[in-house]
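K.L.:
Next comes data08.pdb, PDB, C-alpha atoms:
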```
ATOM      1  CA  MET B   1      -3.643  70.135  56.654  1.00  0.00           C
ATOM      2  CA  LYS B   2      -2.624  73.630  55.684  1.00  0.00           C
ATOM      3  CA  ASP B   3      -2.528  72.932  51.943  1.00  0.00           C
ATOM      4  CA  LYS B   4      -6.205  71.871  51.717  1.00  0.00           C
ATOM      5  CA  LEU B   5      -9.310  74.037  51.673  1.00  0.00           C
ATOM      6  CA  GLN B   6     -11.783  73.080  54.391  1.00  0.00           C
ATOM      7  CA  VAL B   7     -15.504  73.538  53.714  1.00  0.00           C
ATOM      8  CA  ALA B   8     -18.241  72.618  56.178  1.00  0.00           C
ATOM      9  CA  ALA B   9     -19.986  69.310  55.521  1.00  0.00           C
ATOM     10  CA  LEU B  10     -23.506  69.461  54.128  1.00  0.00           C
ATOM     11  CA  GLU B  11     -26.181  67.960  56.383  1.00  0.00           C
ATOM     12  CA  ASN B  12     -28.948  67.896  53.749  1.00  0.00           C
ATOM     13  CA  GLY B  13     -28.935  69.155  50.191  1.00  0.00           C
ATOM     14  CA  THR B  14     -27.280  68.677  46.829  1.00  0.00           C
ATOM     15  CA  VAL B  15     -23.705  68.876  45.629  1.00  0.00           C
ATOM     16  CA  ILE B  16     -23.207  69.517  41.913  1.00  0.00           C
ATOM     17  CA  ASP B  17     -19.753  68.198  41.087  1.00  0.00           C
ATOM     18  CA  HIS B  18     -17.465  67.868  38.057  1.00  0.00           C
ATOM     19  CA  ILE B  19     -18.691  71.124  36.519  1.00  0.00           C
ATOM     20  CA  PRO B  20     -16.370  72.514  33.841  1.00  0.00           C
ATOM     21  CA  SER B  21     -15.019  75.687  35.512  1.00  0.00           C
ATOM     22  CA  LYS B  22     -16.177  78.014  32.757  1.00  0.00           C
ATOM     23  CA  LEU B  23     -19.805  76.918  33.401  1.00  0.00           C
ATOM     24  CA  VAL B  24     -19.998  77.350  37.194  1.00  0.00           C
ATOM     25  CA  PHE B  25     -21.540  80.813  37.230  1.00  0.00           C
ATOM     26  CA  LYS B  26     -23.781  80.027  34.260  1.00  0.00           C
ATOM     27  CA  ILE B  27     -25.238  77.159  36.329  1.00  0.00           C
ATOM     28  CA  VAL B  28     -25.662  79.435  39.362  1.00  0.00           C
ATOM     29  CA  ASP B  29     -27.664  81.806  37.153  1.00  0.00           C
ATOM     30  CA  LEU B  30     -29.588  79.058  35.342  1.00  0.00           C
ATOM     31  CA  LEU B  31     -30.761  77.469  38.612  1.00  0.00           C
ATOM     32  CA  GLY B  32     -31.402  80.838  40.293  1.00  0.00           C
ATOM     33  CA  LEU B  33     -29.070  79.991  43.163  1.00  0.00           C
ATOM     34  CA  GLN B  34     -28.367  83.683  43.838  1.00  0.00           C
ATOM     35  CA  ASN B  35     -31.935  83.816  45.208  1.00  0.00           C
ATOM     36  CA  GLN B  36     -31.519  80.739  47.409  1.00  0.00           C
ATOM     37  CA  GLU B  37     -32.329  81.358  51.095  1.00  0.00           C
ATOM     38  CA  SER B  38     -30.094  78.581  52.423  1.00  0.00           C
ATOM     39  CA  SER B  39     -26.307  78.523  52.097  1.00  0.00           C
ATOM     40  CA  VAL B  40     -24.635  77.988  48.731  1.00  0.00           C
ATOM     41  CA  THR B  41     -20.920  77.161  48.543  1.00  0.00           C
ATOM     42  CA  ILE B  42     -19.151  77.616  45.219  1.00  0.00           C
ATOM     43  CA  GLY B  43     -15.737  76.178  44.399  1.00  0.00           C
ATOM     44  CA  TYR B  44     -14.108  77.398  41.208  1.00  0.00           C
ATOM     45  CA  ASN B  45     -10.988  76.228  39.318  1.00  0.00           C
ATOM     46  CA  LEU B  46     -10.399  73.290  41.643  1.00  0.00           C
ATOM     47  CA  GLN B  47      -8.041  70.484  40.607  1.00  0.00           C
ATOM     48  CA  SER B  48      -9.736  67.465  39.032  1.00  0.00           C
ATOM     49  CA  LYS B  49      -8.119  64.274  37.772  1.00  0.00           C
ATOM     50  CA  LYS B  50     -11.146  63.756  35.514  1.00  0.00           C
ATOM     51  CA  ILE B  51     -11.444  67.134  33.763  1.00  0.00           C
ATOM     52  CA  GLY B  52      -8.379  69.185  34.793  1.00  0.00           C
ATOM     53  CA  LYS B  53     -10.043  72.200  36.405  1.00  0.00           C
ATOM     54  CA  LYS B  54     -13.542  71.865  37.800  1.00  0.00           C
ATOM     55  CA  GLY B  55     -16.177  73.681  39.750  1.00  0.00           C
ATOM     56  CA  ILE B  56     -18.395  72.442  42.541  1.00  0.00           C
ATOM     57  CA  ILE B  57     -21.598  73.887  43.984  1.00  0.00           C
ATOM     58  CA  LYS B  58     -23.011  72.812  47.367  1.00  0.00           C
ATOM     59  CA  VAL B  59     -26.607  73.851  48.061  1.00  0.00           C
ATOM     60  CA  ALA B  60     -27.969  73.288  51.560  1.00  0.00           C
ATOM     61  CA  ASP B  61     -31.543  72.020  51.934  1.00  0.00           C
ATOM     62  CA  LYS B  62     -32.195  71.973  48.173  1.00  0.00           C
ATOM     63  CA  PHE B  63     -33.165  68.964  46.079  1.00  0.00           C
ATOM     64  CA  PHE B  64     -33.564  69.761  42.397  1.00  0.00           C
ATOM     65  CA  THR B  65     -36.681  68.944  40.391  1.00  0.00           C
ATOM     66  CA  ASP B  66     -36.584  66.933  37.162  1.00  0.00           C
ATOM     67  CA  GLU B  67     -37.237  70.180  35.252  1.00  0.00           C
ATOM     68  CA  GLU B  68     -34.245  71.887  36.892  1.00  0.00           C
ATOM     69  CA  ILE B  69     -32.062  68.870  36.122  1.00  0.00           C
ATOM     70  CA  SER B  70     -33.242  68.970  32.490  1.00  0.00           C
ATOM     71  CA  ARG B  71     -32.175  72.631  32.275  1.00  0.00           C
ATOM     72  CA  LEU B  72     -28.842  71.702  33.777  1.00  0.00           C
ATOM     73  CA  SER B  73     -28.346  68.899  31.228  1.00  0.00           C
ATOM     74  CA  VAL B  74     -28.550  71.347  28.323  1.00  0.00           C
ATOM     75  CA  VAL B  75     -25.781  73.574  29.687  1.00  0.00           C
ATOM     76  CA  ALA B  76     -23.557  71.041  31.443  1.00  0.00           C
ATOM     77  CA  PRO B  77     -24.193  67.391  30.616  1.00  0.00           C
ATOM     78  CA  ASN B  78     -22.239  64.805  32.583  1.00  0.00           C
ATOM     79  CA  VAL B  79     -22.041  66.791  35.820  1.00  0.00           C
ATOM     80  CA  VAL B  80     -22.621  64.657  38.906  1.00  0.00           C
ATOM     81  CA  LEU B  81     -25.363  65.322  41.453  1.00  0.00           C
ATOM     82  CA  ASN B  82     -24.763  64.019  44.958  1.00  0.00           C
ATOM     83  CA  ILE B  83     -27.889  63.949  47.127  1.00  0.00           C
ATOM     84  CA  ILE B  84     -26.975  64.378  50.803  1.00  0.00           C
ATOM     85  CA  ARG B  85     -29.193  63.402  53.754  1.00  0.00           C
ATOM     86  CA  GLY B  86     -27.889  63.295  57.313  1.00  0.00           C
ATOM     87  CA  TYR B  87     -24.325  64.079  56.146  1.00  0.00           C
ATOM     88  CA  GLU B  88     -24.310  60.943  53.950  1.00  0.00           C
ATOM     89  CA  VAL B  89     -24.421  60.638  50.154  1.00  0.00           C
ATOM     90  CA  VAL B  90     -27.664  58.716  49.599  1.00  0.00           C
ATOM     91  CA  GLU B  91     -27.782  59.038  45.826  1.00  0.00           C
ATOM     92  CA  LYS B  92     -25.284  59.883  43.122  1.00  0.00           C
ATOM     93  CA  LYS B  93     -26.333  60.474  39.538  1.00  0.00           C
ATOM     94  CA  THR B  94     -24.769  61.767  36.363  1.00  0.00           C
ATOM     95  CA  VAL B  95     -26.901  64.360  34.613  1.00  0.00           C
ATOM     96  CA  VAL B  96     -27.885  63.293  31.105  1.00  0.00           C
ATOM     97  CA  MET B  97     -30.042  65.075  28.600  1.00  0.00           C
ATOM     98  CA  PRO B  98     -33.613  63.713  28.552  1.00  0.00           C
ATOM     99  CA  ASP B  99     -35.254  62.507  25.333  1.00  0.00           C
ATOM    100  CA  GLU B 100     -37.611  65.510  25.350  1.00  0.00           C
ATOM    101  CA  LEU B 101     -37.180  69.078  26.578  1.00  0.00           C
ATOM    102  CA  HIS B 102     -40.213  71.246  27.305  1.00  0.00           C
ATOM    103  CA  GLY B 103     -39.933  75.024  27.723  1.00  0.00           C
ATOM    104  CA  ILE B 104     -36.176  75.017  28.313  1.00  0.00           C
ATOM    105  CA  VAL B 105     -34.517  76.130  25.082  1.00  0.00           C
ATOM    106  CA  ARG B 106     -35.805  78.553  22.479  1.00  0.00           C
ATOM    107  CA  CYS B 107     -36.399  77.571  18.853  1.00  0.00           C
ATOM    108  CA  PRO B 108     -34.035  79.433  16.502  1.00  0.00           C
ATOM    109  CA  ASN B 109     -36.703  79.589  13.779  1.00  0.00           C
ATOM    110  CA  PRO B 110     -38.460  82.987  14.058  1.00  0.00           C
ATOM    111  CA  LYS B 111     -41.425  81.611  12.068  1.00  0.00           C
ATOM    112  CA  CYS B 112     -41.946  78.632  14.374  1.00  0.00           C
ATOM    113  CA  ILE B 113     -45.345  78.545  16.054  1.00  0.00           C
ATOM    114  CA  CYS B 114     -43.753  78.377  19.516  1.00  0.00           C
ATOM    115  CA  ASN B 115     -42.177  81.808  18.885  1.00  0.00           C
ATOM    116  CA  ASN B 116     -45.460  83.345  17.740  1.00  0.00           C
ATOM    117  CA  GLU B 117     -48.058  81.780  20.022  1.00  0.00           C
ATOM    118  CA  PRO B 118     -48.174  81.586  23.832  1.00  0.00           C
ATOM    119  CA  MET B 119     -46.960  78.004  24.113  1.00  0.00           C
ATOM    120  CA  PRO B 120     -43.898  76.265  25.565  1.00  0.00           C
ATOM    121  CA  THR B 121     -41.126  75.075  23.299  1.00  0.00           C
ATOM    122  CA  PHE B 122     -40.799  71.332  22.761  1.00  0.00           C
ATOM    123  CA  PHE B 123     -37.626  69.640  21.517  1.00  0.00           C
ATOM    124  CA  HIS B 124     -36.554  66.056  20.894  1.00  0.00           C
ATOM    125  CA  ALA B 125     -32.951  65.060  21.585  1.00  0.00           C
ATOM    126  CA  VAL B 126     -31.661  63.806  18.226  1.00  0.00           C
ATOM    127  CA  ASP B 127     -28.050  63.268  19.335  1.00  0.00           C
ATOM    128  CA  LYS B 128     -27.366  63.604  23.061  1.00  0.00           C
ATOM    129  CA  GLU B 129     -23.593  63.273  22.740  1.00  0.00           C
ATOM    130  CA  ALA B 130     -23.334  66.027  20.099  1.00  0.00           C
ATOM    131  CA  ARG B 131     -26.153  67.920  21.895  1.00  0.00           C
ATOM    132  CA  ILE B 132     -28.406  68.244  18.853  1.00  0.00           C
ATOM    133  CA  LEU B 133     -32.081  68.972  19.428  1.00  0.00           C
ATOM    134  CA  LYS B 134     -34.973  69.094  16.953  1.00  0.00           C
ATOM    135  CA  CYS B 135     -38.014  71.319  17.371  1.00  0.00           C
ATOM    136  CA  HIS B 136     -41.196  69.283  17.617  1.00  0.00           C
ATOM    137  CA  TYR B 137     -43.200  71.903  15.716  1.00  0.00           C
ATOM    138  CA  CYS B 138     -41.005  73.079  12.815  1.00  0.00           C
ATOM    139  CA  GLU B 139     -38.313  70.344  12.924  1.00  0.00           C
ATOM    140  CA  LYS B 140     -35.474  72.911  12.923  1.00  0.00           C
ATOM    141  CA  GLU B 141     -32.308  71.456  14.454  1.00  0.00           C
ATOM    142  CA  LEU B 142     -30.485  73.254  17.230  1.00  0.00           C
ATOM    143  CA  HIS B 143     -26.913  72.600  18.354  1.00  0.00           C
ATOM    144  CA  VAL B 144     -26.578  73.563  22.020  1.00  0.00           C
TER     145      VAL B 144
END
```
Render the structure in this file as structure tokens.
P.N.:
Amino acid sequence: MKDKLQVAALENGTVIDHIPSKLVFKIVDLLGLQNQESSVTIGYNLQSKKIGKKGIIKVADKFFTDEEISRLSVVAPNVVLNIIRGYEVVEKKTVVMPDELHGIVRCPNPKCICNNEPMPTFFHAVDKEARILKCHYCEKELHV
């Protein structure tokens, strides 16, 4: 078909789908995909029945860690990860914010111990839908 964009199928790797278009390049930066050795395909402003305009990122030979997925959940919750092995989708999961986030977001309280001592930040998800986090140390709330 001449009216469709053709992109090579992914043999092994991960497809991040249903990304709000405005967040595509933020996710590329957040996950460090510009430093990826294998191929990365980025689709931007594609039509989506679900969200209007969407982005998609295909990363060959890359399977994200739980920590990377946690980072992704802060920026773009509800994106879909498709795990591909042998050209087949073997797992599909919607990214949701975990109950706890370690070393991912920075506490907005300049007096918090995590901003003054060499230690990772630690937040509890108070409201995942509204994306409200609470610092474990000083209990300051953060809206992400």
K.L.:
Expand the PyMOL selection byres ((chain B and resi 27) around 12) into the individual residues it matches in the shown file, reporting them as a ChimeraX atom specification.
P.N.:
/B:16-17,19-26,28-34,42,55-57,68-69,71-77,79
K.L.:
Taking the file as shown, find all residues satisfying the PyMOL selection byres ((chain B and resi 131-144) around 10) and write them as a list in words.
P.N.:
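Applied to this file, the PyMOL selection byres ((chain B and resi 131-144) around 10) returns Ser73, Val74, Val75, Pro77, Met97, Asp99, Glu100, Leu101, His102, Val105, Arg106, Cys107, Pro108, Asn109, Lys111, Cys112, Ile113, Cys114, Thr121, Phe122, Phe123, His124, Ala125, Val126, Asp127, Lys128, Glu129 and Ala130 of chain B.
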K.L.:
Got a sec: who's within 10 Å of B:Lys92, counting all atoms listed in the file, leaving out chain neighbours fewer than 3 positions off, as number ranges by chain?
P.N.:
B: 14-16, 80-84, 89, 95
K.L.:
For stretch 25-43 of chain B, what centre and edge lengths in Å (one decimal) does the axis-aligned box get once 8 Å is added on each side of all its listed atoms, as lines of an AutoDock Vina configuration file?
P.N.:
```
center_x = -24.0
center_y = 80.0
center_z = 43.3
size_x = 32.6
size_y = 23.6
size_z = 34.2
```
K.L.:
Tell me which residues the PyMOL selection byres ((chain B and resi 86) around 10) grabs here, as a list in words.
P.N.:
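Selected by the PyMOL selection byres ((chain B and resi 86) around 10) in this file: Leu10, Glu11, Asn12, Gly13, Ile84, Arg85, Tyr87, Glu88, Val89 and Val90 of chain B.
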